[in-house]
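Quick look at protein_16.pdb (PDB, C-alpha atoms):
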```pdb
ATOM      1  CA  LEU A   1     115.507 122.915 120.649
ATOM      2  CA  PRO A   2     115.154 126.706 120.385
ATOM      3  CA  PRO A   3     111.763 127.680 118.887
ATOM      4  CA  ASP A   4     113.121 128.672 115.482
ATOM      5  CA  GLU A   5     115.108 125.431 115.101
ATOM      6  CA  LEU A   6     112.169 123.305 116.206
ATOM      7  CA  LEU A   7     109.872 124.920 113.634
ATOM      8  CA  ALA A   8     112.456 124.238 110.928
ATOM      9  CA  HIS A   9     112.569 120.557 111.930
ATOM     10  CA  LEU A  10     108.759 120.383 111.928
ATOM     11  CA  ASP A  11     108.655 121.909 108.470
ATOM     12  CA  ASP A  12     111.143 119.327 107.183
ATOM     13  CA  THR A  13     109.035 116.577 108.741
ATOM     14  CA  PHE A  14     105.916 117.883 106.974
ATOM     15  CA  GLN A  15     107.738 117.802 103.656
ATOM     16  CA  ARG A  16     109.216 114.350 104.169
ATOM     17  CA  LEU A  17     105.886 112.781 105.156
ATOM     18  CA  ALA A  18     104.101 114.395 102.209
ATOM     19  CA  GLU A  19     106.751 113.115  99.812
ATOM     20  CA  GLN A  20     106.605 109.605 101.294
ATOM     21  CA  ASP A  21     102.811 109.508 100.953
ATOM     22  CA  ALA A  22     103.058 110.716  97.366
ATOM     23  CA  ASP A  23     105.685 108.099  96.480
ATOM     24  CA  ALA A  24     103.545 105.337  98.009
ATOM     25  CA  ALA A  25     100.531 106.414  95.955
ATOM     26  CA  ASP A  26     102.564 107.352  92.875
ATOM     27  CA  GLN A  27     101.097 110.852  92.956
ATOM     28  CA  THR A  28     102.237 114.447  93.165
ATOM     29  CA  PRO A  29     102.906 115.456  96.804
ATOM     30  CA  THR A  30      99.855 117.014  98.437
ATOM     31  CA  VAL A  31     100.368 120.435  99.997
ATOM     32  CA  VAL A  32      99.295 120.191 103.634
ATOM     33  CA  GLY A  33      99.887 123.278 105.745
ATOM     34  CA  ALA A  34      99.544 124.146 109.421
ATOM     35  CA  THR A  35     100.315 127.260 111.401
ATOM     36  CA  CYS A  36     102.228 127.028 114.667
ATOM     37  CA  LEU A  37     103.376 129.256 117.513
ATOM     38  CA  TYR A  38     106.036 127.896 119.846
ATOM     39  CA  ALA A  39     107.131 129.643 123.055
ATOM     40  CA  VAL A  40     109.593 128.695 125.799
ATOM     41  CA  TYR A  41     109.432 130.533 129.135
ATOM     42  CA  ASP A  42     112.298 130.548 131.645
ATOM     43  CA  PRO A  43     110.850 131.096 135.163
ATOM     44  CA  ILE A  44     114.282 132.066 136.498
ATOM     45  CA  THR A  45     115.059 134.950 134.121
ATOM     46  CA  ARG A  46     111.395 135.729 133.202
ATOM     47  CA  ARG A  47     112.434 135.665 129.556
ATOM     48  CA  CYS A  48     110.214 134.094 126.915
ATOM     49  CA  THR A  49     111.518 133.039 123.506
ATOM     50  CA  MET A  50     108.948 132.737 120.712
ATOM     51  CA  ALA A  51     108.808 131.894 117.014
ATOM     52  CA  ARG A  52     105.853 131.398 114.716
ATOM     53  CA  ALA A  53     105.002 129.761 111.426
ATOM     54  CA  GLY A  54     102.137 131.757 109.960
ATOM     55  CA  HIS A  55     100.294 131.859 113.293
ATOM     56  CA  PRO A  56      98.947 135.037 114.955
ATOM     57  CA  PRO A  57     101.223 136.405 117.711
ATOM     58  CA  PRO A  58     100.332 135.874 121.375
ATOM     59  CA  ALA A  59      98.862 138.631 123.505
ATOM     60  CA  ILE A  60     100.919 139.727 126.521
ATOM     61  CA  ILE A  61      98.965 141.324 129.374
ATOM     62  CA  ASP A  62     101.031 142.963 132.124
ATOM     63  CA  PRO A  63      99.774 143.239 135.744
ATOM     64  CA  GLN A  64      98.466 146.773 135.035
ATOM     65  CA  GLY A  65      96.239 145.479 132.240
ATOM     66  CA  ARG A  66      98.275 146.816 129.310
ATOM     67  CA  VAL A  67      97.972 144.497 126.309
ATOM     68  CA  THR A  68     100.661 144.142 123.658
ATOM     69  CA  PHE A  69     101.172 141.830 120.704
ATOM     70  CA  PRO A  70     104.941 141.227 120.249
ATOM     71  CA  ASP A  71     106.375 141.961 116.828
ATOM     72  CA  LEU A  72     107.339 138.429 115.761
ATOM     73  CA  PRO A  73     108.554 137.594 112.246
ATOM     74  CA  THR A  74     105.597 135.836 110.642
ATOM     75  CA  GLY A  75     107.295 132.846 109.061
ATOM     76  CA  ALA A  76     105.602 130.615 106.493
ATOM     77  CA  PRO A  77     103.057 127.998 107.590
ATOM     78  CA  LEU A  78     104.512 124.535 108.030
ATOM     79  CA  GLY A  79     104.406 122.242 105.040
ATOM     80  CA  LEU A  80     104.337 124.793 102.222
ATOM     81  CA  GLY A  81     107.825 123.914 101.070
ATOM     82  CA  LEU A  82     109.281 127.415 101.509
ATOM     83  CA  ARG A  83     112.529 126.117 102.946
ATOM     84  CA  LEU A  84     114.514 129.195 101.930
ATOM     85  CA  VAL A  85     112.416 131.334 104.298
ATOM     86  CA  PRO A  86     113.996 131.003 107.770
ATOM     87  CA  PHE A  87     112.094 131.011 111.047
ATOM     88  CA  ASP A  88     113.263 133.731 113.414
ATOM     89  CA  ALA A  89     112.882 133.746 117.193
ATOM     90  CA  VAL A  90     112.319 136.795 119.404
ATOM     91  CA  GLU A  91     113.070 136.977 123.132
ATOM     92  CA  VAL A  92     111.078 139.225 125.485
ATOM     93  CA  GLU A  93     111.227 139.785 129.236
ATOM     94  CA  LEU A  94     107.888 139.452 131.024
ATOM     95  CA  PRO A  95     106.915 141.223 134.258
ATOM     96  CA  GLU A  96     106.038 138.949 137.171
ATOM     97  CA  GLY A  97     102.350 138.032 137.094
ATOM     98  CA  SER A  98     101.891 138.687 133.369
ATOM     99  CA  LEU A  99      99.402 136.755 131.268
ATOM    100  CA  LEU A 100     100.117 135.085 127.944
ATOM    101  CA  ALA A 101      97.202 134.456 125.593
ATOM    102  CA  PHE A 102      97.597 131.922 122.774
ATOM    103  CA  TYR A 103      94.753 131.575 120.302
ATOM    104  CA  THR A 104      93.802 130.409 116.822
ATOM    105  CA  ASP A 105      92.932 132.838 114.050
ATOM    106  CA  GLY A 106      89.301 131.725 114.222
ATOM    107  CA  LEU A 107      89.043 133.749 117.435
ATOM    108  CA  VAL A 108      90.132 137.055 115.877
ATOM    109  CA  GLU A 109      89.250 136.701 112.190
ATOM    110  CA  SER A 110      85.824 136.424 110.568
ATOM    111  CA  ARG A 111      84.225 136.874 107.173
ATOM    112  CA  ASP A 112      82.996 140.338 108.123
ATOM    113  CA  ASP A 113      85.810 141.764 110.262
ATOM    114  CA  ASP A 114      89.496 142.309 109.590
ATOM    115  CA  ILE A 115      91.926 140.479 111.866
ATOM    116  CA  ASP A 116      93.077 143.794 113.397
ATOM    117  CA  ILE A 117      89.547 144.411 114.672
ATOM    118  CA  GLY A 118      89.433 140.934 116.167
ATOM    119  CA  MET A 119      92.810 141.379 117.896
ATOM    120  CA  HIS A 120      91.672 144.710 119.343
ATOM    121  CA  ARG A 121      88.503 143.022 120.601
ATOM    122  CA  LEU A 122      90.579 140.249 122.168
ATOM    123  CA  GLY A 123      92.928 142.719 123.844
ATOM    124  CA  THR A 124      90.040 144.698 125.324
ATOM    125  CA  ALA A 125      88.498 141.559 126.825
ATOM    126  CA  LEU A 126      91.836 140.477 128.324
ATOM    127  CA  ALA A 127      92.728 143.843 129.899
ATOM    128  CA  GLN A 128      91.562 142.661 133.342
ATOM    129  CA  PRO A 129      94.471 140.499 134.557
ATOM    130  CA  GLU A 130      93.195 140.384 138.156
ATOM    131  CA  ARG A 131      90.307 138.121 137.106
ATOM    132  CA  SER A 132      90.635 134.340 137.182
ATOM    133  CA  LEU A 133      91.739 132.582 134.010
ATOM    134  CA  GLU A 134      88.346 130.863 133.734
ATOM    135  CA  ASP A 135      86.481 134.191 133.951
ATOM    136  CA  LEU A 136      88.785 135.763 131.383
ATOM    137  CA  CYS A 137      88.253 132.863 128.979
ATOM    138  CA  SER A 138      84.481 133.236 129.359
ATOM    139  CA  SER A 139      84.733 136.984 128.821
ATOM    140  CA  VAL A 140      86.717 136.512 125.610
ATOM    141  CA  MET A 141      84.362 133.858 124.257
ATOM    142  CA  GLU A 142      81.398 136.175 124.811
ATOM    143  CA  THR A 143      82.939 138.603 122.317
ATOM    144  CA  VAL A 144      83.117 136.026 119.513
ATOM    145  CA  PRO A 145      80.597 136.859 116.727
ATOM    146  CA  THR A 146      77.456 134.738 116.909
ATOM    147  CA  GLN A 147      77.643 133.520 113.310
ATOM    148  CA  ALA A 148      79.364 130.211 112.648
ATOM    149  CA  PRO A 149      83.155 130.764 112.641
ATOM    150  CA  SER A 150      85.090 130.127 109.449
ATOM    151  CA  ASP A 151      87.823 128.373 111.410
ATOM    152  CA  ASP A 152      88.339 126.672 114.764
ATOM    153  CA  VAL A 153      88.210 128.879 117.863
ATOM    154  CA  THR A 154      90.719 128.066 120.608
ATOM    155  CA  LEU A 155      92.101 130.110 123.510
ATOM    156  CA  LEU A 156      94.839 129.180 125.993
ATOM    157  CA  LEU A 157      95.706 131.514 128.888
ATOM    158  CA  VAL A 158      98.856 131.186 130.988
ATOM    159  CA  ARG A 159      99.782 133.238 134.058
ATOM    160  CA  ILE A 160     103.548 133.286 134.414
ATOM    161  CA  HIS A 161     105.455 133.104 137.694
ATOM    162  CA  THR A 162     109.074 133.499 138.739
ATOM    163  CA  LEU A 163     110.941 130.961 140.825
ATOM    164  CA  ASN A 164     111.942 132.098 144.305
ATOM    165  CA  ALA A 165     115.552 133.283 144.164
ATOM    166  CA  ALA A 166     116.212 131.448 147.455
ATOM    167  CA  HIS A 167     115.649 128.160 145.599
ATOM    168  CA  ILE A 168     118.307 128.861 142.958
ATOM    169  CA  ALA A 169     122.090 128.735 143.270
ATOM    170  CA  SER A 170     124.517 129.422 140.433
ATOM    171  CA  TRP A 171     128.306 129.506 140.089
ATOM    172  CA  ASP A 172     130.697 130.328 137.238
ATOM    173  CA  LEU A 173     133.610 127.899 137.143
ATOM    174  CA  PRO A 174     136.978 127.915 135.358
ATOM    175  CA  THR A 175     137.723 125.159 132.863
ATOM    176  CA  GLU A 176     140.386 123.287 134.817
ATOM    177  CA  PRO A 177     140.294 119.775 136.329
ATOM    178  CA  ALA A 178     140.733 120.999 139.911
ATOM    179  CA  VAL A 179     137.384 122.789 139.725
ATOM    180  CA  VAL A 180     135.491 119.472 139.889
ATOM    181  CA  SER A 181     136.246 119.196 143.614
ATOM    182  CA  THR A 182     135.192 122.833 144.109
ATOM    183  CA  ALA A 183     131.903 122.209 142.326
ATOM    184  CA  ARG A 184     131.152 119.222 144.562
ATOM    185  CA  HIS A 185     131.865 121.280 147.679
ATOM    186  CA  LEU A 186     129.682 124.191 146.564
ATOM    187  CA  ALA A 187     126.777 121.890 145.777
ATOM    188  CA  ALA A 188     127.056 119.979 149.052
ATOM    189  CA  HIS A 189     127.038 123.208 151.057
ATOM    190  CA  GLN A 190     123.981 124.504 149.181
ATOM    191  CA  LEU A 191     122.048 121.249 149.615
ATOM    192  CA  SER A 192     122.781 121.341 153.346
ATOM    193  CA  GLU A 193     121.330 124.853 153.526
ATOM    194  CA  TRP A 194     118.189 123.561 151.773
ATOM    195  CA  GLY A 195     117.891 120.640 154.181
ATOM    196  CA  LEU A 196     118.625 118.103 151.439
ATOM    197  CA  GLU A 197     121.677 116.456 152.981
ATOM    198  CA  HIS A 198     120.454 112.996 151.953
ATOM    199  CA  LEU A 199     120.894 114.011 148.285
ATOM    200  CA  VAL A 200     124.500 115.156 148.707
ATOM    201  CA  PRO A 201     126.301 111.887 147.765
ATOM    202  CA  THR A 202     124.273 111.326 144.593
ATOM    203  CA  THR A 203     124.418 114.991 143.578
ATOM    204  CA  GLU A 204     128.188 115.136 144.084
ATOM    205  CA  LEU A 205     128.595 112.150 141.770
ATOM    206  CA  ILE A 206     126.313 113.696 139.135
ATOM    207  CA  ILE A 207     128.126 117.033 139.293
ATOM    208  CA  SER A 208     131.514 115.321 139.020
ATOM    209  CA  GLU A 209     130.448 113.646 135.784
ATOM    210  CA  LEU A 210     128.800 116.743 134.268
ATOM    211  CA  VAL A 211     131.600 119.170 135.085
ATOM    212  CA  THR A 212     134.277 116.700 133.954
ATOM    213  CA  ASN A 213     132.464 116.212 130.647
ATOM    214  CA  ALA A 214     132.172 119.991 130.202
ATOM    215  CA  ILE A 215     135.929 120.347 130.728
ATOM    216  CA  HIS A 216     136.973 117.456 128.462
ATOM    217  CA  HIS A 217     134.360 117.691 125.688
ATOM    218  CA  GLY A 218     133.033 121.258 125.889
ATOM    219  CA  ALA A 219     134.462 124.747 125.998
ATOM    220  CA  GLY A 220     134.613 127.497 128.591
ATOM    221  CA  PRO A 221     133.129 129.149 130.459
ATOM    222  CA  ILE A 222     131.296 126.623 132.649
ATOM    223  CA  ARG A 223     128.269 127.485 134.788
ATOM    224  CA  LEU A 224     126.786 125.219 137.459
ATOM    225  CA  ARG A 225     123.220 125.832 138.630
ATOM    226  CA  LEU A 226     121.021 124.069 141.207
ATOM    227  CA  ILE A 227     117.249 124.590 141.206
ATOM    228  CA  GLN A 228     114.942 123.366 143.965
ATOM    229  CA  HIS A 229     111.405 123.355 142.554
ATOM    230  CA  GLN A 230     109.219 120.213 142.620
ATOM    231  CA  VAL A 231     112.401 118.337 141.753
ATOM    232  CA  LEU A 232     116.073 119.068 142.313
ATOM    233  CA  THR A 233     117.599 120.104 138.988
ATOM    234  CA  CYS A 234     121.339 120.245 138.402
ATOM    235  CA  GLU A 235     122.433 122.115 135.269
ATOM    236  CA  VAL A 236     125.889 122.510 133.759
ATOM    237  CA  PHE A 237     126.401 124.960 130.894
ATOM    238  CA  ASP A 238     129.419 125.190 128.626
ATOM    239  CA  SER A 239     130.152 126.992 125.361
ATOM    240  CA  GLY A 240     130.749 123.873 123.287
ATOM    241  CA  LYS A 241     128.452 122.382 120.646
ATOM    242  CA  CYS A 242     129.357 118.731 121.260
ATOM    243  CA  TYR A 243     126.194 117.159 122.660
ATOM    244  CA  PRO A 244     126.334 114.256 125.137
ATOM    245  CA  ARG A 245     125.494 110.736 123.988
ATOM    246  CA  LEU A 246     124.579 107.855 126.257
ATOM    247  CA  ARG A 247     126.907 104.912 125.661
ATOM    248  CA  HIS A 248     126.803 101.313 126.850
ATOM    249  CA  ALA A 249     130.438 100.651 127.562
ATOM    250  CA  ARG A 250     131.878  97.165 127.238
ATOM    251  CA  ILE A 251     133.687  95.491 130.111
ATOM    252  CA  VAL A 252     137.071  96.222 128.519
ATOM    253  CA  ASP A 253     136.323  99.935 127.954
ATOM    254  CA  GLU A 254     138.070 102.326 130.341
ATOM    255  CA  ASN A 255     135.500 105.098 130.016
ATOM    256  CA  GLY A 256     132.052 105.878 128.585
ATOM    257  CA  ARG A 257     130.011 105.004 131.684
ATOM    258  CA  GLY A 258     129.378 108.489 133.085
ATOM    259  CA  LEU A 259     126.058 109.293 131.432
ATOM    260  CA  PHE A 260     124.842 105.733 131.930
ATOM    261  CA  LEU A 261     125.509 106.122 135.635
ATOM    262  CA  ILE A 262     123.720 109.483 135.709
ATOM    263  CA  ALA A 263     120.694 107.927 133.991
ATOM    264  CA  GLN A 264     120.527 105.256 136.714
ATOM    265  CA  LEU A 265     120.851 107.733 139.589
ATOM    266  CA  SER A 266     118.364 110.346 138.347
ATOM    267  CA  SER A 267     114.686 110.480 137.449
ATOM    268  CA  ARG A 268     115.380 112.272 134.154
ATOM    269  CA  TRP A 269     118.256 113.858 132.292
ATOM    270  CA  GLY A 270     118.742 115.647 128.998
ATOM    271  CA  PHE A 271     120.329 118.579 127.220
ATOM    272  CA  ARG A 272     119.262 121.591 125.222
ATOM    273  CA  SER A 273     120.734 124.387 123.186
ATOM    274  CA  ALA A 274     121.338 127.639 125.026
ATOM    275  CA  THR A 275     122.559 131.061 124.006
ATOM    276  CA  GLY A 276     126.282 130.682 123.385
ATOM    277  CA  GLY A 277     126.456 126.935 123.963
ATOM    278  CA  LYS A 278     124.574 123.986 125.471
ATOM    279  CA  LEU A 279     123.136 123.009 128.816
ATOM    280  CA  VAL A 280     123.008 119.495 130.309
ATOM    281  CA  TRP A 281     120.427 118.971 133.058
ATOM    282  CA  VAL A 282     119.661 116.213 135.547
ATOM    283  CA  GLU A 283     116.575 115.896 137.756
ATOM    284  CA  GLN A 284     116.281 114.092 141.102
ATOM    285  CA  ASP A 285     113.056 113.549 143.026
ATOM    286  CA  LEU A 286     112.568 115.509 146.233
ATOM    287  CA  PRO A 287     111.088 113.826 149.317
ATOM    288  CA  SER A 288     107.607 115.267 148.665
ATOM    289  CA  THR A 289     107.533 113.815 145.135
ATOM    290  CA  LEU A 290     108.740 110.295 145.925
TER     291      LEU A 290
END
```
Could you render the structure from this file as structure tokens?
Amino acid sequence: LPPDELLAHLDDTFQRLAEQDADAADQTPTVVGATCLYAVYDPITRRCTMARAGHPPPAIIDPQGRVTFPDLPTGAPLGLGLRLVPFDAVEVELPEGSLLAFYTDGLVESRDDDIDIGMHRLGTALAQPERSLEDLCSSVMETVPTQAPSDDVTLLLVRIHTLNAAHIASWDLPTEPAVVSTARHLAAHQLSEWGLEHLVPTTELIISELVTNAIHHGAGPIRLRLIQHQVLTCEVFDSGKCYPRLRHARIVDENGRGLFLIAQLSSRWGFRSATGGKLVWVEQDLPSTL
């Protein structure tokens, strides 16, 4: 799910569990809160989508050492019951080689210093992106005040990378039945260029099912994308909101076996929301990962 939707589901789960516990004990629901920051990074577009529930924003350090804290809507901590306050997501584009720093408020907030001072201290310690992640973590921890923290202190550093464009192929397809054959041909040619001819028959079958489903149950436009990175990923995007559901067809049923077949032929499959529609993806193991 997109970050804002996932946080909303988590918040509902907090509320439901608290109410169930209260009903079991015949008591008033206990308020239990937690902050959360959720980010999804796309290594193809270098775009990162983030949303937060009362948590401090991440630090973004570009390759030149400039540190910024993105302006994310704060959102209420999870579990407080403020369901009328929506969670909002923000999307940013990250330069290749950037660092992302995720941390708890115990790292930047203390009894004696305002959180702004702590965030400035954190940014100063992180403004050396050429150093290893381990060295940067040590450098940040050395700046933490010596007195016992009022909250937990946690730091997670991530150096982002972009997938090689030579390992990605994408095509926009019209929403007409004849395009299924075209999609199979395009994929087979691309796999041959990547030296993955042995995956052509299975991939053609997977693409036939995904593109056919997008035509019959989705909405245009359709986009087919192949990604060669640790596994072979086949993605089909369409503008519809009807999500796929795995069925176990009976012997007398004339259809309903497509996704079941895909599940048997692949290592993993799934779907996710995407801007303007949905995306169904299927992964196959590459020779080096068998």
request  = I would like the residues chosen by the PyMOL selection byres ((chain A and resi 44-60) around 9) on the shown file; could you give them as a PyMOL selection string?
outcome  = chain A and resi 2-4+7+34-43+61-62+66-78+87-96+98-105+119+122-123+126+160-165+168
request  = Evaluate the PyMOL selection byres ((chain A and resi 197-212) around 10) here and jot the selected residues down as a ChimeraX atom specification.
outcome  = /A:173,175-196,213-218,222-224,226,232-238,244,257-259,261-263,265-266,280-287
ask   = Quick one: distance from atom CA of Ser273 of chain A to atom CA of Tyr243 of chain A in Å, one decimal?
value =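 These atoms are spaced 9.1 Å apart.
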inquiry  = Please enumerate the residues selected by the PyMOL selection byres ((chain A and resi 18) around 9) when evaluated against the supplied file, formatted as a VMD selection string.
reply    = chain A and resid 13 to 17 19 to 23 29 to 32 79
remark   = Students should find that atom CA of Arg131 of chain A and atom CA of Ile115 of chain A are spaced 25.4 Å
request  = For atom CA of Phe271 of chain A and atom CA of Ala8 of chain A, determine how far apart the two atoms are, in Å to one decimal place.
outcome  = 19.0 Å
task = Name the closest residue to Thr124 of chain A among the candidates A:Gly270, A:Gly33, A:Gly65, A:Gly106; distances are taken between atoms, counting all atoms listed in the file.
result = A:Gly65
ask   = In terms of the shortest atom-to-atom distance over only C-alpha atoms, which of A:Leu10, A:Leu107, A:Ala166, A:Ile117 is closest to Val140 of chain A?
value = A:Leu107
